[in-house]
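What follows is a single structure, written as structure tokens, with notes after it.
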Amino acid sequence: MKVVYCLVTLVTLVTLHGDAVSVSRDQPAAVVKENSFSEDNPLDTLFDTLMKDLVGLFSDIEDKEDTEDSEDSEDRASYHDGLEAKCPAGTFYNNTSKKCEACLPGTYSQANAEECTPCAEGTYNDIERQGSCKSCDAGTFANKTGSTLCLDCGPGTFTDVTKSTNCTACKAGQYSNSDHTDCRKCRPGTFSDKPLDTCTPCPKDTISGPGATKCTGCGPDTHPDEPKQQCITDPICYPGEYRDVDGSCAVCLAGSFSTAINSTSCTPCAVGHYNSETNQTSCLECSPGSFSNATGSTTCEGCVAGQYNSNNGSTDCSDCSAGTFSSGNATVCTACPAGQFNSVNGSALCTACDTGSSTNNETGSTKCNACKPGSFSGTSGSATCTSCAAGSSQDKKGQANCTFCIPGSSSPKEGAKTCAACEAGTFSNTTGSIMCTKCAAGSARNTTAATACITCTAGSFSPTEGAIVCTDCSAGTFSNETGSTVCSNCSAGSAQNNTAATSCDLCSPGSFSGEAAKLCTDCSAGTYADKSGSLKCDNCAAGSFQNSTGAVNCSVCSAGSFSVEASPLCTPCHAGQYAGTPGSVNCSACALGSSTDGNAGATKCDDCVAGKFANVTGSPICASCPVGSSTGNNTGATVCETCSAGKFSNSTGSAICTACQAGSSTLNITGSDSCSLCRPGSFSSDDGSAVCSVCPGGQYSDKNGTTTCSLCAAGNYSEPNATVCNMCTPGLFSNTTGSAECTKCAAGSSTESLRGSTNCTLCTAGHFAARAGSPSCDPCAVGTSTEDKAGADKCPLCEAGFFAEDTGSSSCDSCPAGSYSDSTGSSACTVCAAGTVSAAPASVTCSLCAAGTTSPVNSTACTDCGAGSFADKAGSPECSPCAAGSYADKTGSVDCTDCVPGSYQDQTGQTVCALCAQGSYQDKKGGAVCKSCANSRTYTTYKTGSISEDACQGPLLNFTIAGKVSQLTDNDTVTVPESSTLVLTAVSGNWIARNPSNPYTETVLLIQGDKKTLKGPKVILEPLMTNIFCYKDTEGHGARFAGYQDKDIKGRQCESPCRNTESLPIGPHCQVQNETSPCGIPQCIWDVECSAGDGTGYRGLVNKATLEGGRSATCQRWDKDYPHVHTFHPTAYNTAKYGIGNDNSCRNPDPRNIQKPWCYTTDHWTRFGECSVPECGAAFDYFKH
């Protein structure tokens, strides 16, 4: 029912939204149309709750049903896990990690997704965790799914809608705008015949209308107007000129200019600008500090004093603000210095401040400020006011001086507005006082502004300086003179209870006082005073007392009591003490052996009865003797006697001690309270024994109270005081009864680890007992044996060449062949080291392998070194590979052979040497590398195996005309008379001969050594250098390069010759120390007559462009911007990449738009043109490579 309720409610909710929801058993999550619920929709919460309930209900139903297919069950469980994870939009549930993971850029997902979806074509995502993809803007496109960005439309293409998957090309006569959202018609004077971002300006003497696909030439005696939209017949007036009324051109006068061709008038210079020369195309701005306020100015006027301007092109000058000033032609105004001011704008100078005022040390003041009270200024032009000095003041502002303080006042700090009256307790008696003086001790002043202080009267005082009033002497003190700084204390024995006293009174008998007393004090109980003026009361003497205060005498103590000094009462004697006479100063202690029987106040002591004692004087009672002691029936005892050993007493107060019975003792202890039975291992046979006797060795007793001991059986022993007999330990034996000790087994025998033995057994072979009393026989150690003997007391070492690897060996084994033992007592044999062998067993050493041979470890024979290796001494552990520059072509070598001149070997362990390649040589033996020709860019050996630098040759051609022999090392064109022939001999290098009329189709190739005869009239002769000493960039950055250079651009040796089979942009390169390093091979510069591919590799000297109609124009220099401004200047990149230099040769730095060499022209009306450079034909390429 709950499922039905949830489904009905869910359908109702979706109906309210107008969207469809499907819920099925196989998919227990609601699939909702995208964006069907908004974030602020109040039905969202109810919708989410219903979804959770449905998921839970379907999950419960599935748990209760039997699932036949386990894989389907696992899939559903995984899906439910993903639902429970609640992965938000922009993430997906990873069933492996069991986590929500972010969707990568280029993908998206909705909530609870199990995977991310790639963005469709025309959309993209540039960040992760996105719930949808972004649309490409107009002017951009995405032509594949999963895009992370949109691409800009290419030149001459556009798209004016979003989500584009491609761009549309503009039609001829149009160009695409900067954001590629539409196409626009070309402006008059321009055209386009293919899709471009800009239209091409019409060449000189041509015109075009809006949207033109080509330009039309003007006829004779006409030329284009501006902007090249129609042809006109008037002469051209250039910028800086204008067309006069008669149609002629006139120059613009000073103060005017023109910028366009065929201007009808000149424009006056605007205000703030000027022109001092004629024929100008622009005006100059007035510099700061000057201006022009009229059009057509030929000069600028300077700002007058008090004014300024700071900008270029000013039309007037501004007044300096109040507080500043300026001189003529000023660009800024200067602030008035401190102490000066001006109060109006446009001032040329500043005024000094009057006395009594200043600018408070500030610059740029518009007024002077009056000095504040407490300060002054005595001169004009003061930057600051001066504070009044201490001892003076000024209570008015704007003053030129300060006033000194009068007597009775002072000013302690600078800058006082008024002088302060002296406070009570102080005074001043001079003018200009900085501070008031405190009244001296013994005087005071209770009014302000005083000029003197008053002396204190008798009975009063002032103890410190600055007193306001004098203080009366307190009770217990007095003062008998004026001007006192302190009052004196009353002396001991006198007192004064009044203040302001001038004297003190004596104390009466029975009383006393200390110093400074206000009253006299009565004597306390136990003391007395028998005269007037007492300083203290006397104590009652010992043996007397006084229990009243204010007493003048003391009374004597009665017998049985005592007192100490100053006692208020007499004390009864304590128990254990007595006093026999009156007036006792202490009580006497009872003598030893007596007491007062616990009574106090006694006059005598009594003796202790028998069985009791008093061992200290003054005992209050007599103590009973403790157990283990007695008084021996004596009275008046001072101590109890301890019972002797063998006797005891078991109660307190005993008079005598009792003897122990036979079979017991007091363990030799005195003072025993009982007797102890003899313990096992001991006995006693008499009464009154102090101790029990121990059983002798070989005997024992195992009970308490024994009177005799028993003998030990054979194989056993006992020590004295034994309770049992012990079995003999392993290695010991006894063969009689009553033995006190066991006998050791002899060396070479043992009891075989048995206890209680009555005899010993000999050790077996391979075992030994080195000492008497061995409990067992030990196995022989490794490296030893008993030589097959029994009863041994030691194991001899194995001899050299033999070993025993196990313990308990009865004999030693011989070392096998391939090993040895060079010392006695070996537990193992040592295998022969590499380079050594042993052929027989029981060897004590290994033999060295001969030179040229070696062996591995544990060898019985030596083997020859393999080819490419050697061993130059006996006992070599291994054969060494031949070093670079050498080889060994047979086995068993004791050394290696150096490579002969003309060859090399750069690897170790080789059997042959290789010939030096073309372009290199080796003039010494043992070379690891070959030497490169000194100039490897123009010289080579032309053959392998060269042994001398003389073999390095540049290209050399002998040519003979009419019997005259000449030599050629570079390009040249020779003339052959009609009646003569040209005989060519390629002495070094390969050469090509060309017919100037058809230089790329009519050619003859000469390989080094060739000799050929040709006819004229003219022949072009060239050495073939391409891809030997240089490379062509148009052929994959030197992918065909096959030269001989084997060093990188830093001069480091390469692992192999320089090549670029991968067509890398760095050109030919090599590996040096695991690093890819360029070799610095140049691009070919000999092929200057033709252009290959897109022309970017052309480096010829053609410097003219072909224009429409067959006309030609000289090229503009690449390092200049006249007459055409451009961006292809000779930078490091442009020079290396395209050959752009400080010249005007044809090049192609723009291969994206032009496919052959071109240049900017010196023709004002034609910006650029293509050059007439022939394309390199098939024959040219064949011979060049």
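Chain labels run A, B, ... following the order of the structure tokens; each chain numbers its residues from 1, and ligands are numbered from 1 in the order shown.
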Distance query range 763-769 of chain A at most 6 Å, only C-alpha atoms, self and fewer than 2 positions along chain excluded, as a PyMOL selection string
chain A and resi 747-749+771+777-780+785-786+788-794+808-810
If we count only C-alpha atoms, what is near range 505-510 of chain A at a cut-off of 9 Å, once residues fewer than 3 positions away on the same chain are taken out, given as a list in words?
Cys490, Ala492, Gly493, Ser494, Ala495, Gln496, Ser513, Leu519, Cys520, Thr521, Asp522, Cys523, Tyr528, Ala529, Asp530, Lys531, Ser532, Gly533, Ser534, Leu535, Cys537, Thr549, Gly550, Ala551 and Val552 of chain A
Writing out the chosen residues with N, CA, C and O atoms as a compact mmCIF listing (two decimals), in the first residue's frame:
```txt
# COMPACT_ATOMS: atom_id res chain seq x y z
N CYS A 490 60.17 58.64 75.77
CA CYS A 490 60.34 58.59 77.23
C CYS A 490 61.32 57.48 77.57
O CYS A 490 61.24 56.39 76.99
N ALA A 492 63.20 54.36 79.72
CA ALA A 492 62.66 53.21 80.46
C ALA A 492 62.54 53.58 81.94
O ALA A 492 63.42 54.24 82.51
N GLY A 493 61.42 53.15 82.57
CA GLY A 493 61.15 53.48 83.98
C GLY A 493 60.31 54.73 84.11
O GLY A 493 60.04 55.18 85.22
N SER A 494 59.93 55.32 82.99
CA SER A 494 59.08 56.51 83.00
C SER A 494 58.04 56.38 81.91
O SER A 494 58.16 55.52 81.03
N ALA A 495 57.00 57.30 81.89
CA ALA A 495 55.92 57.23 80.90
C ALA A 495 55.27 58.60 80.75
O ALA A 495 55.45 59.47 81.61
N GLN A 496 54.53 58.82 79.59
CA GLN A 496 53.81 60.07 79.34
C GLN A 496 52.59 59.71 78.50
O GLN A 496 52.71 59.24 77.37
N SER A 513 58.34 50.18 83.23
CA SER A 513 58.06 50.58 81.83
C SER A 513 59.33 50.46 81.01
O SER A 513 60.44 50.60 81.54
N LEU A 519 52.09 54.42 79.57
CA LEU A 519 51.72 54.11 80.95
C LEU A 519 52.71 53.13 81.53
O LEU A 519 53.38 52.40 80.78
N CYS A 520 52.81 53.00 82.96
CA CYS A 520 53.65 52.02 83.62
C CYS A 520 52.85 50.74 83.78
O CYS A 520 51.64 50.77 84.01
N THR A 521 53.48 49.53 83.70
CA THR A 521 52.83 48.21 83.71
C THR A 521 53.07 47.51 85.03
O THR A 521 54.22 47.49 85.53
N ASP A 522 51.97 46.89 85.70
CA ASP A 522 52.12 46.12 86.94
C ASP A 522 52.95 44.89 86.68
O ASP A 522 52.89 44.29 85.60
N CYS A 523 53.76 44.47 87.75
CA CYS A 523 54.55 43.24 87.63
C CYS A 523 53.60 42.05 87.53
O CYS A 523 52.58 42.00 88.21
N TYR A 528 58.27 40.63 90.86
CA TYR A 528 58.02 41.71 91.83
C TYR A 528 58.98 42.86 91.54
O TYR A 528 59.99 42.69 90.84
N ALA A 529 58.60 44.12 92.07
CA ALA A 529 59.47 45.32 91.99
C ALA A 529 59.36 46.03 93.33
O ALA A 529 58.27 46.45 93.72
N ASP A 530 60.48 46.24 94.02
CA ASP A 530 60.42 46.77 95.39
C ASP A 530 60.86 48.22 95.46
O ASP A 530 61.09 48.73 96.56
N LYS A 531 60.98 49.01 94.28
CA LYS A 531 61.35 50.42 94.31
C LYS A 531 60.76 51.16 93.13
O LYS A 531 60.29 50.55 92.15
N SER A 532 60.75 52.58 93.17
CA SER A 532 60.20 53.43 92.08
C SER A 532 61.18 53.50 90.92
O SER A 532 62.39 53.31 91.08
N GLY A 533 60.61 53.80 89.71
CA GLY A 533 61.44 54.00 88.49
C GLY A 533 62.06 52.71 87.99
O GLY A 533 63.12 52.77 87.35
N SER A 534 61.41 51.58 88.26
CA SER A 534 61.97 50.30 87.79
C SER A 534 61.87 50.18 86.27
O SER A 534 60.83 50.48 85.67
N LEU A 535 62.98 49.68 85.74
CA LEU A 535 62.98 49.44 84.29
C LEU A 535 62.30 48.12 83.97
O LEU A 535 61.82 47.93 82.85
N CYS A 537 60.59 44.08 86.24
CA CYS A 537 60.28 43.38 87.48
C CYS A 537 61.25 42.23 87.65
O CYS A 537 61.64 41.59 86.65
N THR A 549 49.61 39.92 90.90
CA THR A 549 50.32 40.94 90.12
C THR A 549 50.60 42.16 90.99
O THR A 549 49.95 42.36 92.01
N GLY A 550 51.54 43.00 90.56
CA GLY A 550 51.88 44.23 91.28
C GLY A 550 52.54 43.93 92.63
O GLY A 550 52.47 44.76 93.54
N ALA A 551 53.16 42.75 92.81
CA ALA A 551 53.75 42.35 94.11
C ALA A 551 55.09 43.02 94.32
O ALA A 551 55.80 43.34 93.37
N VAL A 552 55.42 43.10 95.68
CA VAL A 552 56.72 43.69 96.04
C VAL A 552 57.63 42.61 96.64
O VAL A 552 58.79 42.91 96.98
```
Residues at most 9 Å from range 1128-1139 of chain A, counting only C-alpha atoms, excluding those fewer than 3 positions away in the same chain, as number ranges by chain?
A: 1033, 1096-1099, 1118-1121, 1142, 1147-1150
Using only C-alpha atoms, which protein or nucleic acid residues come within 8 Å of range 870-878 of chain A? Drop anything in the same chain fewer than 5 positions from it, and give the result as a ChimeraX atom specification.
/A:833-836,848-856,865,888,892-896
Running DSSP on the backbone, which parts of range 207-456 of chain A land in strand (DSSP E or B), as a PyMOL selection string?
chain A and resi 207+216-217+223-224+231-232+241-243+249-251+256-257+267-268+273-274+284-285+290-291+301-302+307-308+318-319+324-325+334-335+340-341+351-352+357-358+365+369-370+375-376+386-387+392-393+403-404+409-410+420-421+426-427+437-438+443-444+454-455
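The residue that comes closest to Ala1039 in chain A, out of A:Lys518, A:Lys1011, A:Arg1059, A:Arg679 and on the basis of only C-alpha atoms, is A:Arg1059.
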A:Asp472, A:Glu423, A:Asp182, A:Asp673 ranked by distance to Thr451 in chain A, top pick (using only C-alpha atoms):
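Nearest to Thr451 in chain A: A:Glu423.
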Write out as an MDAnalysis selection string the residues lying within 9 Å of Gly801 in chain A, counting only C-alpha atoms and excluding same-chain residues fewer than 4 positions away.
chainID A and resid 813:815 820:824 826 829 841:845
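What separates CA of Ser827 in chain A from CA of Thr784 in chain A is a distance of 8.0 Å.
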Mind giving me the straight-line distance from CA of Thr944 in chain A to CA of Ser988 in chain A in Å, one decimal?
13.9 Å
